[in-house]
Structures are given as structure tokens and as C-alpha cells.
$ cat data.txt   # compact mmCIF, C-alpha atoms
# COMPACT_ATOMS: atom_id res chain seq x y z
CA MET R 978 -16.19 28.91 27.26
CA THR R 979 -16.91 31.81 29.60
CA GLY R 980 -17.74 35.48 29.51
CA GLN R 981 -20.54 37.54 28.02
CA GLY R 982 -22.59 35.81 25.34
CA PRO R 983 -23.09 37.23 21.89
CA SER R 984 -26.26 39.07 21.06
CA LYS R 985 -27.37 37.40 17.80
CA THR R 986 -28.28 33.76 17.06
CA GLY R 987 -25.54 33.40 14.44
CA ASP R 988 -22.95 34.47 16.97
CA TYR R 989 -23.93 31.60 19.24
CA GLU R 990 -22.46 29.13 16.78
CA ALA R 991 -19.26 28.67 18.78
CA ALA R 992 -21.24 28.31 22.00
CA ILE R 993 -23.50 25.65 20.47
CA ASN R 994 -20.50 23.67 19.24
CA ALA R 995 -18.76 24.02 22.57
CA LEU R 996 -21.93 22.76 24.23
CA LEU R 997 -21.97 19.70 21.94
CA ASP R 998 -18.28 19.06 22.58
CA GLY R 999 -18.86 19.31 26.33
CA GLU R 1000 -16.52 22.27 26.56
CA LEU R 1001 -19.03 24.86 27.72
CA ASP R 1002 -18.82 25.69 31.42
CA GLN R 1003 -21.89 25.87 33.67
CA ALA R 1004 -22.23 29.64 33.62
CA ALA R 1005 -22.05 29.86 29.84
CA THR R 1006 -24.48 26.95 29.50
CA ALA R 1007 -26.98 28.66 31.80
CA GLU R 1008 -26.63 31.87 29.83
CA LEU R 1009 -27.19 30.02 26.55
CA LYS R 1010 -30.31 28.36 27.93
CA ALA R 1011 -31.66 31.72 29.12
CA ARG R 1012 -31.10 33.25 25.70
CA ALA R 1013 -32.66 30.25 23.98
CA ALA R 1014 -35.82 30.66 26.09
CA GLU R 1015 -36.25 34.15 24.60
CA ASP R 1016 -34.99 33.42 21.07
CA SER R 1017 -36.92 30.77 19.15
CA GLN R 1018 -34.31 30.68 16.34
CA LEU R 1019 -31.52 29.97 18.79
CA SER R 1020 -33.68 27.40 20.50
CA GLN R 1021 -34.32 25.63 17.18
CA ALA R 1022 -30.60 25.81 16.32
CA ILE R 1023 -29.72 24.06 19.57
CA ILE R 1024 -32.36 21.38 19.00
CA ASP R 1025 -31.08 20.79 15.44
CA ALA R 1026 -27.52 20.61 16.71
CA TRP R 1027 -28.52 18.03 19.34
CA GLN R 1028 -30.36 15.95 16.75
CA LEU R 1029 -27.38 16.09 14.43
CA GLN R 1030 -24.97 15.17 17.19
CA ARG R 1031 -27.15 12.24 18.20
CA GLY R 1032 -27.17 11.04 14.60
CA LEU R 1033 -23.40 11.44 14.29
CA ASP R 1034 -22.88 9.54 17.53
CA GLN R 1035 -24.81 6.64 16.03
CA LEU R 1036 -22.51 6.48 13.03
CA GLN R 1037 -20.00 3.81 13.81
CA LEU R 1038 -16.62 3.22 12.28
CA GLU R 1039 -17.09 1.17 9.16
CA ARG R 1040 -15.42 -2.20 9.37
CA ALA R 1041 -12.69 -2.68 6.81
CA PRO R 1042 -13.38 -5.57 4.40
CA ASP R 1043 -11.78 -8.87 5.42
CA GLY R 1044 -9.87 -9.01 2.15
CA LEU R 1045 -8.28 -5.65 2.87
CA GLY R 1046 -7.22 -6.78 6.33
CA ARG R 1047 -5.53 -9.84 4.86
CA ARG R 1048 -3.77 -7.72 2.24
CA LEU R 1049 -2.53 -5.32 4.89
CA ARG R 1050 -1.17 -8.12 7.08
CA ARG R 1051 0.78 -9.52 4.15
CA ILE R 1052 2.63 -6.23 3.59
CA PRO R 1053 5.74 -7.01 5.73
CA ARG R 1054 6.33 -10.32 3.98
CA GLN R 1055 5.79 -8.81 0.53
CA GLN R 1056 8.01 -5.85 1.23
CA ARG R 1057 10.79 -8.06 2.58
CA ALA R 1058 10.57 -10.30 -0.47
CA ALA R 1059 10.62 -7.29 -2.79
CA SER R 1060 13.66 -5.80 -1.06
CA ARG R 1061 15.59 -9.09 -1.32
CA GLY R 1062 15.28 -9.02 -5.12
CA PRO R 1063 16.23 -12.25 -6.95
CA VAL R 1064 16.45 -15.53 -5.05
CA PHE R 1065 18.77 -15.07 -2.05
CA GLY R 1066 20.05 -11.86 -3.55
CA LEU R 1067 22.38 -13.64 -5.98
CA PRO R 1068 22.60 -12.62 -9.61
CA ARG R 1069 20.98 -14.95 -12.10
CA GLN R 1070 24.30 -15.81 -13.79
CA ALA R 1071 25.78 -17.02 -10.51
CA LEU R 1072 22.72 -19.17 -9.89
CA VAL R 1073 22.96 -20.79 -13.35
CA THR R 1074 26.68 -21.47 -12.95
CA GLY R 1075 26.10 -22.90 -9.51
CA ALA R 1076 23.33 -25.16 -10.77
CA LEU R 1077 25.53 -26.47 -13.61
CA ALA R 1078 28.41 -27.12 -11.22
CA MET R 1079 26.11 -28.97 -8.85
CA THR R 1080 24.81 -31.13 -11.70
CA LEU R 1081 28.34 -32.00 -12.80
CA VAL R 1082 29.41 -32.90 -9.27
CA ALA R 1083 26.29 -35.02 -8.79
CA GLY R 1084 27.01 -36.83 -12.05
CA VAL R 1085 30.59 -37.60 -10.99
CA ILE R 1086 29.43 -38.87 -7.61
CA VAL R 1087 26.82 -41.12 -9.16
CA LEU R 1088 29.29 -42.56 -11.66
CA THR R 1089 31.97 -43.25 -9.08
CA GLN R 1090 29.67 -44.87 -6.50
CA PRO R 1091 29.77 -48.70 -6.30
CA VAL R 1092 26.42 -50.28 -7.11
CA ILE R 1093 24.60 -51.57 -3.98
CA ARG R 1094 22.67 -54.76 -4.44
CA SER R 1095 19.94 -56.16 -2.25
CA PRO R 1096 21.04 -59.05 0.02
CA ALA R 1097 18.13 -61.15 -1.22
CA ALA R 1098 19.96 -62.09 -4.40
CA PRO R 1099 23.65 -62.66 -3.50
CA GLN R 1100 24.27 -65.12 -6.31
CA GLN R 1101 22.98 -62.77 -8.92
CA ALA R 1102 24.89 -59.95 -7.33
CA GLU R 1103 28.16 -61.85 -7.56
CA ASN R 1104 27.53 -62.52 -11.23
CA GLN R 1105 26.67 -58.93 -11.84
CA SER R 1106 29.49 -57.43 -9.77
CA GLY R 1107 32.17 -58.12 -12.36
CA THR R 1108 30.14 -56.46 -15.08
CA ASP R 1109 29.28 -53.48 -12.88
CA GLN R 1110 32.87 -52.92 -11.89
CA ALA R 1111 33.87 -53.02 -15.51
CA ARG R 1112 31.15 -50.50 -16.35
CA ALA R 1113 32.18 -48.20 -13.54
CA GLU R 1114 35.79 -48.44 -14.66
CA GLN R 1115 34.76 -47.62 -18.21
CA ALA R 1116 32.71 -44.65 -16.99
CA ARG R 1117 35.69 -43.33 -15.04
CA ARG R 1118 37.88 -43.62 -18.11
CA ASP R 1119 35.26 -41.85 -20.25
CA LEU R 1120 34.97 -39.09 -17.70
CA ALA R 1121 38.75 -38.68 -17.53
CA ILE R 1122 38.90 -38.45 -21.32
CA ALA R 1123 36.07 -35.91 -21.32
CA PHE R 1124 37.89 -33.77 -18.75
CA PHE R 1125 41.12 -34.13 -20.72
CA TYR R 1126 39.43 -32.83 -23.87
CA LEU R 1127 37.75 -30.04 -21.95
CA ASP R 1128 41.12 -28.98 -20.52
CA LYS R 1129 42.70 -29.16 -23.94
CA ALA R 1130 39.93 -27.10 -25.51
CA GLY R 1131 40.23 -24.56 -22.72
CA LEU R 1132 44.00 -24.29 -23.25
CA ARG R 1133 43.57 -23.83 -26.98
CA VAL R 1134 40.96 -21.13 -26.53
CA GLY R 1135 43.23 -19.41 -24.05
CA GLN R 1136 46.17 -19.58 -26.48
CA ARG R 1137 44.07 -18.15 -29.30
CA ILE R 1138 42.90 -15.30 -27.13
CA ASN R 1139 46.48 -14.56 -26.13
CA GLU R 1140 47.67 -14.67 -29.75
CA ALA R 1141 44.87 -12.42 -30.91
CA LEU R 1142 45.54 -9.93 -28.16
CA GLN R 1143 49.29 -9.90 -28.82
CA GLN R 1144 48.74 -9.40 -32.55
CA GLU R 1145 46.27 -6.58 -31.95
CA VAL R 1146 48.69 -4.90 -29.59
CA ALA R 1147 51.69 -5.37 -31.89
CA GLU R 1148 49.87 -4.15 -35.06
CA PRO R 1149 47.31 -1.75 -33.79
CA VAL R 1150 45.74 -0.21 -36.96
CA LYS R 1151 47.53 -1.87 -39.79
CA ASP R 1152 45.54 -2.69 -42.89
CA THR R 1153 42.36 -3.24 -40.96
CA LEU R 1154 40.26 -3.50 -44.11
CA ASN R 1155 42.22 -6.49 -45.39
CA GLN R 1156 42.08 -8.13 -42.02
CA HIS R 1157 38.38 -7.84 -41.50
CA LEU R 1158 36.88 -8.19 -45.00
CA PRO R 1159 36.64 -11.78 -46.16
CA TYR R 1160 38.63 -12.77 -49.27
CA ILE R 1161 36.26 -13.07 -52.25
CA GLY R 1162 38.69 -14.11 -55.01
CA LEU R 1163 40.48 -12.28 -57.79
CA SER R 1164 38.68 -9.81 -60.05
CA ARG R 1165 38.32 -10.48 -63.78
CA LYS R 1166 41.11 -7.98 -64.65
CA GLU R 1167 43.46 -9.60 -62.15
CA LYS R 1168 42.76 -13.03 -63.66
CA HIS R 1169 43.50 -11.81 -67.20
CA ALA R 1170 46.65 -10.13 -66.05
CA MET I 691 8.45 -5.92 13.86
CA SER I 692 5.85 -7.85 11.90
CA ARG I 693 3.90 -8.40 15.10
CA THR I 694 3.93 -4.68 15.88
CA PHE I 695 2.86 -3.92 12.33
CA ARG I 696 -0.01 -6.38 12.66
CA ARG I 697 -1.11 -4.58 15.78
CA TRP I 698 -1.00 -1.28 13.91
CA VAL I 699 -3.13 -2.85 11.18
CA ASP I 700 -5.65 -4.17 13.68
CA GLU I 701 -5.87 -0.85 15.50
CA ASN I 702 -6.07 1.43 12.49
CA GLN I 703 -7.50 -0.38 9.51
CA ASP I 704 -11.13 0.49 10.27
CA GLN I 705 -10.38 4.17 10.74
CA ALA I 706 -8.29 4.30 7.57
CA TRP I 707 -11.00 2.49 5.66
CA THR I 708 -13.80 4.73 7.02
CA LEU I 709 -11.95 7.91 6.09
CA ALA I 710 -11.03 6.64 2.63
CA SER I 711 -14.51 5.37 1.85
CA TYR I 712 -16.15 8.64 2.98
CA LEU I 713 -13.75 10.70 0.89
CA LEU I 714 -13.61 8.58 -2.25
CA LYS I 715 -17.05 6.93 -2.19
CA ASP I 716 -15.53 4.04 -4.08
CA ALA I 717 -14.69 0.79 -2.31
CA ALA I 718 -11.97 -0.39 -4.69
CA GLU I 719 -10.17 2.94 -4.64
CA ALA I 720 -10.53 3.19 -0.87
CA GLU I 721 -8.90 -0.23 -0.47
CA ASP I 722 -6.03 0.78 -2.75
CA VAL I 723 -5.43 4.00 -0.81
CA CYS I 724 -5.44 2.10 2.49
CA GLN I 725 -2.97 -0.44 1.16
CA GLU I 726 -0.66 2.28 -0.16
CA ALA I 727 -0.81 4.07 3.20
CA PHE I 728 0.10 0.93 5.14
CA VAL I 729 2.95 0.15 2.72
CA LYS I 730 4.29 3.64 3.43
CA LEU I 731 3.86 2.99 7.13
CA TRP I 732 5.95 -0.19 6.81
CA ARG I 733 8.67 1.62 4.87
CA HIS I 734 8.85 4.52 7.31
CA ARG I 735 8.22 2.50 10.46
CA ASP I 736 11.60 3.35 11.96
CA SER I 737 11.22 7.09 11.57
CA ILE I 738 7.65 7.45 12.89
CA ASP I 739 6.94 8.11 16.54
CA PRO I 740 4.93 5.03 17.65
CA LEU I 741 2.60 7.31 19.61
CA LYS I 742 1.72 9.22 16.45
CA ILE I 743 1.00 6.28 14.17
CA LYS I 744 -2.71 7.02 13.91
CA PRO I 745 -2.53 10.70 12.94
CA TRP I 746 0.36 9.93 10.58
CA LEU I 747 -1.63 7.20 8.91
CA MET I 748 -4.79 9.32 8.67
CA LYS I 749 -2.81 12.09 7.05
CA VAL I 750 -1.33 9.71 4.47
CA VAL I 751 -4.74 8.19 3.75
CA ARG I 752 -6.34 11.60 3.33
CA ASN I 753 -3.55 12.85 1.06
CA GLY I 754 -3.86 9.67 -1.02
CA CYS I 755 -7.61 10.26 -1.33
CA LEU I 756 -7.17 13.91 -2.29
CA ASP I 757 -4.61 12.93 -4.95
CA ARG I 758 -7.10 10.51 -6.45
CA LEU I 759 -9.92 13.05 -6.28
CA ARG I 760 -7.74 15.57 -8.10
CA ARG I 761 -7.01 13.03 -10.82
CA ARG I 762 -10.70 12.42 -11.35
CA ARG I 763 -12.30 14.41 -14.13
CA PRO I 764 -14.57 17.25 -13.01
CA GLY I 765 -18.05 16.00 -12.25
CA GLU I 766 -16.86 12.43 -11.93
CA GLU I 767 -18.16 12.22 -8.37
CA LEU I 768 -20.22 9.14 -7.91
CA LEU I 769 -23.82 10.07 -8.52
CA GLU I 770 -25.23 7.88 -5.82
CA ASN I 771 -23.66 9.95 -3.07
CA THR I 772 -23.44 13.46 -4.42
CA ALA I 773 -26.32 14.91 -2.47
CA THR I 774 -28.89 14.06 0.08
CA ASP I 775 -32.32 13.18 -1.12
CA PRO I 776 -34.71 15.85 0.17
CA GLY I 777 -37.66 13.57 -0.42
CA ARG I 778 -36.51 11.14 2.24
CA GLY I 779 -35.22 13.04 5.22
CA PRO I 780 -33.98 11.61 8.49
CA LEU I 781 -37.11 12.57 10.36
CA GLN I 782 -39.30 10.64 7.96
CA ALA I 783 -37.02 7.69 8.39
CA SER I 784 -38.50 5.34 10.92
CA HIS I 785 -35.38 3.25 11.40
CA GLN I 786 -31.95 4.12 12.74
CA HIS I 787 -30.49 2.53 9.68
CA GLU I 788 -32.15 5.08 7.42
CA LEU I 789 -31.06 7.98 9.62
CA GLY I 790 -27.50 6.75 9.44
CA HIS I 791 -27.77 6.32 5.70
CA TRP I 792 -29.11 9.86 5.30
CA LEU I 793 -26.32 11.29 7.45
CA ARG I 794 -23.65 9.39 5.56
CA ARG I 795 -24.91 10.86 2.33
CA ALA I 796 -25.09 14.33 3.87
CA ILE I 797 -21.48 14.07 5.07
CA ALA I 798 -20.38 12.77 1.68
CA SER I 799 -21.92 15.85 0.05
CA LEU I 800 -19.73 18.23 2.11
CA ALA I 801 -16.72 19.85 0.47
CA GLU I 802 -13.18 19.45 1.75
CA PRO I 803 -11.92 19.97 4.39
CA TYR I 804 -15.36 19.89 6.04
CA ARG I 805 -15.93 16.26 5.10
CA SER I 806 -12.61 15.12 6.59
CA LEU I 807 -13.25 17.22 9.67
CA VAL I 808 -16.62 15.65 10.38
CA VAL I 809 -15.30 12.13 9.76
CA LEU I 810 -12.20 12.61 11.91
CA ARG I 811 -13.85 14.49 14.74
CA ASP I 812 -17.48 13.36 14.90
CA ILE I 813 -17.23 9.78 13.65
CA GLN I 814 -13.72 8.73 14.58
CA GLU I 815 -13.66 10.99 17.65
CA HIS I 816 -10.10 12.19 17.32
CA SER I 817 -9.07 15.05 19.55
CA TYR I 818 -8.95 18.55 18.09
CA ALA I 819 -5.15 18.44 18.28
CA GLU I 820 -5.03 15.20 16.29
CA VAL I 821 -7.43 16.56 13.70
CA ALA I 822 -5.30 19.69 13.40
CA SER I 823 -2.22 17.53 12.90
CA VAL I 824 -3.87 15.36 10.23
CA LEU I 825 -5.29 18.28 8.29
CA GLU I 826 -2.28 20.53 8.87
CA LEU I 827 -4.49 23.29 10.24
CA SER I 828 -4.27 25.39 13.36
CA LEU I 829 -6.53 24.59 16.30
CA PRO I 830 -8.72 27.70 15.81
CA GLN I 831 -9.05 26.84 12.10
CA VAL I 832 -10.17 23.32 12.98
CA LYS I 833 -12.83 24.65 15.33
CA THR I 834 -14.06 27.27 12.88
CA TYR I 835 -14.24 24.84 9.95
CA LEU I 836 -15.94 22.23 12.08
CA HIS I 837 -18.57 24.77 13.15
CA ARG I 838 -19.22 25.54 9.50
CA ALA I 839 -19.42 21.88 8.59
CA ARG I 840 -21.87 21.12 11.37
CA LYS I 841 -23.90 24.18 10.44
CA GLN I 842 -24.16 22.97 6.86
CA LEU I 843 -25.36 19.59 8.08
CA ARG I 844 -27.81 21.26 10.41
CA GLU I 845 -29.18 23.32 7.56
CA GLN I 846 -29.65 20.19 5.49
CA LEU I 847 -31.41 18.67 8.45
CA ALA I 848 -33.64 21.74 8.74
CA GLU I 849 -34.54 21.55 5.04
CA VAL I 850 -35.94 18.06 5.40
CA ARG I 851 -37.60 18.68 8.73
CA PRO I 852 -41.36 18.18 8.38
$ encode --input "data.txt" --output "C-alpha cells"
Amino acid sequence: MTGQGPSKTGDYEAAINALLDGELDQAATAELKARAAEDSQLSQAIIDAWQLQRGLDQLQLERAPDGLGRRLRRIPRQQRAASRGPVFGLPRQALVTGALAMTLVAGVIVLTQPVIRSPAAPQQAENQSGTDQARAEQARRDLAIAFFYLDKAGLRVGQRINEALQQEVAEPVKDTLNQHLPYIGLSRKEKHA
Amino acid sequence: MSRTFRRWVDENQDQAWTLASYLLKDAAEAEDVCQEAFVKLWRHRDSIDPLKIKPWLMKVVRNGCLDRLRRRRPGEELLENTATDPGRGPLQASHQHELGHWLRRAIASLAEPYRSLVVLRDIQEHSYAEVASVLELSLPQVKTYLHRARKQLREQLAEVRP
């Protein structure tokens, strides 16, 4: 700040602030000091400003609570997890289907595996082996039958769906009331007749 | 990116917290505002100039605080910090701790934008240009408002002077 100083104490406000900010050049500082020597109000204003600035300088940044720091550092992980949505981004239905398929496959593998016996009891193992093989064979047969029935049920359901669709297409809006209301028997008049 | 974000947290969390706690005078709300600001920082990390992280963050924190202050009912300011206590001025205070406490209360009693100005400029020591950017004011406005804010504090100081 340079140039002629203002005449009243109130007008020195900018000069006082510039002085505190270290932005007042030597000439302007000297002029301010000279004025302050004659003006007790200005002198007091400068002293108050210095005291205030000293107090403000002592105010330190307040340390953020540790808990807040931890929360802030977790933000990237939380935001990534939130943007991924459900597990691995797959819809829930796909996950359920996948889990069921995995269970079925695991069951088949377990049933078709030969039973491993410990070498410590070979005699017992030989006795048991015939029974185990028979059991495994039986399990395979049961599984094959189960799959056969599942296939058959699937085919039947498919046929029914096809039939229903064909019928609906062939007879679009024909006597819909009769088709959809359940039969509740003849009325009394119909019986008498 | 997480490492960079951590660095941003380490460098800016105290400043964000200081500003929020001076403006809101409520620790829980100040924490929430800081967290919201850093979440926004994470979401917009690709579009922010890395050299302007601090002013950007301070602006978001301040706006978050002002939103919360607006939502508060009139007169809901926390009583503990609404005004300085004239009975116990800084010059009677024999310890630095008490002087600091008095000043904190005096700053908290200032209206906006004076309070933000004093916190950003005199406590956090941002440059005038950064303060202008945070508060969306021109440089002359920043200087004028800061003069007024300091004058108000000085007057409070004069009132309690023995």
C-alpha cells in the first residue's frame, strides 16, 4: 500500500489490515506510525489489531477426531462396494440358480465317487467293497430314474404350455366365461327339467 | 487412487474439521459434513484439478455447513457459543488457553461470511485468492469483509479491555 494516507482514524482500517498482513510498504508504514503518534485513537486501534492478530496466530488448526479420520479413509472402499451393487454384480436370481446347480453337481460327484478306505483295515475293506459297489450302483440307478422323471415332467409341462398357447391362439375370445368359471353343478330348475 | 485419496484426507481433514466445527458448533454435525464433503471429493476426483483440492473441499464443507444452518430453526444456535462472555475477557485471562477459548467464542459469534473469512484467512492461513475462490467473492470484497470482521473482533476486545 502506497500513497497519501487518509485523514481520519476510521479510514486507516485498510492500512492497519495491510500492516497486519505484511502488505504495507515501508513508506506507508512510516506514515502510519507518524499519524499514530499524533492520534491516540489510531494508536489504540493499531495496538488492538496487534493483540488480536497475536491471539489469532495462536489459534491452531483443530485436529480432526480419530474416528472421523478412520471414516474418511474408508470412503474409497465403501464407495466401490456401493457401486458394485449385489455380490459380483450378478442378479440375485442368477446367484440362486447357480448355487442350486452347484449343489446338484456336487451331489452327483459325491454319489459317483468310489469309497476310499484306509489301508489299515484291508480285510474289512474287501468285505465292505462289495456292499459299497452295490450301494453306488443303486445310487446311480436312483439318480438316473430321478433325472428320467424330471425330463418327463419337463416334457409334459412343455406340452401343456404349447397346447394352452395353441388353444388360446385358435379360439381367442370364445366363451371366456364358461372357460374360466368353475362348474358348480346344475340349478334346481335344470334338475327338474 | 486410494493412496492419493488417503493423502488428500491426511492433508485436508484438519482444515475441513476446523471450518465445520467453527461454523456449526456441533461436533456430530461437523463430522457428518466432513464425511459428505470427502464422499463428494471421491466421486468427483477425476474432474477436480489436483492443485485445487483444498479450496474445492473447503467450499463444499462450507456449503454443507450453510445448508445445515439454514435447516436449523431460528434461534437454534448452540447457547454455549453464541456470544463472548464480557465478564471474562482475554486480558483477564492469565493463560493462553483462556485467550484462545475467548477468541474461539468471539469468532463463533460473528455472522457469515465474516466467520468463514476469519477461519479461512487468519486460522487456516489461506491466501486471499483461495479465500475468494472458496467464498465465491471478489478479491476486494474479501479484503473489505475481512477488515470488517477483524474490526468487530477488535471492538469486542476493546469492550473487555480493563
$ atom_distance --input "data.txt" --atom1 "CA of Pro1053 (chain R)" --atom2 "CA of Ser692 (chain I)"
6.2 Å
$ residues_around --input "data.txt" --residues "Trp1027 (chain R)" --least-positions-apart "3" --cutoff "10 Å" --atoms "all atoms listed in the file" --output "number ranges by chain"
R: 993-994, 996-997, 1021-1024, 1030-1033; I: 844
$ atom_distance --input "data.txt" --atom1 "CA of His837 (chain I)" --atom2 "CA of Pro745 (chain I)"
21.3 Å
$ interface_residues --input "data.txt" --of "chain I" --to "chain R" --cutoff "7 Å" --atoms "all atoms listed in the file" --output "VMD selection string"
chain I and resid 692 696 699 703 to 705 707 to 708 721 725 728 to 729 732 790 812 to 814 837 844
$ atom_distance --input "data.txt" --atom1 "CA of Trp792 (chain I)" --atom2 "CA of Arg762 (chain I)"
25.0 Å
$ residues_around --input "data.txt" --residues "Ser711 (chain I)" --least-positions-apart "5" --cutoff "9 Å" --atoms "only C-alpha atoms" --output "list in words"
Glu1039 of chain R; Ala706, Asp716, Ala717, Glu719, Ala720 and Glu721 of chain I
$ closest_residue --input "data.txt" --among "I:Leu793, I:Val821, I:Ala801, I:Leu747" --to "Glu701 (chain I)" --atoms "all atoms listed in the file"
I:Leu747
$ closest_residue --input "data.txt" --among "I:His816, I:Arg760, I:Arg811, I:Arg805" --to "Gln842 (chain I)" --atoms "only C-alpha atoms"
I:Arg805
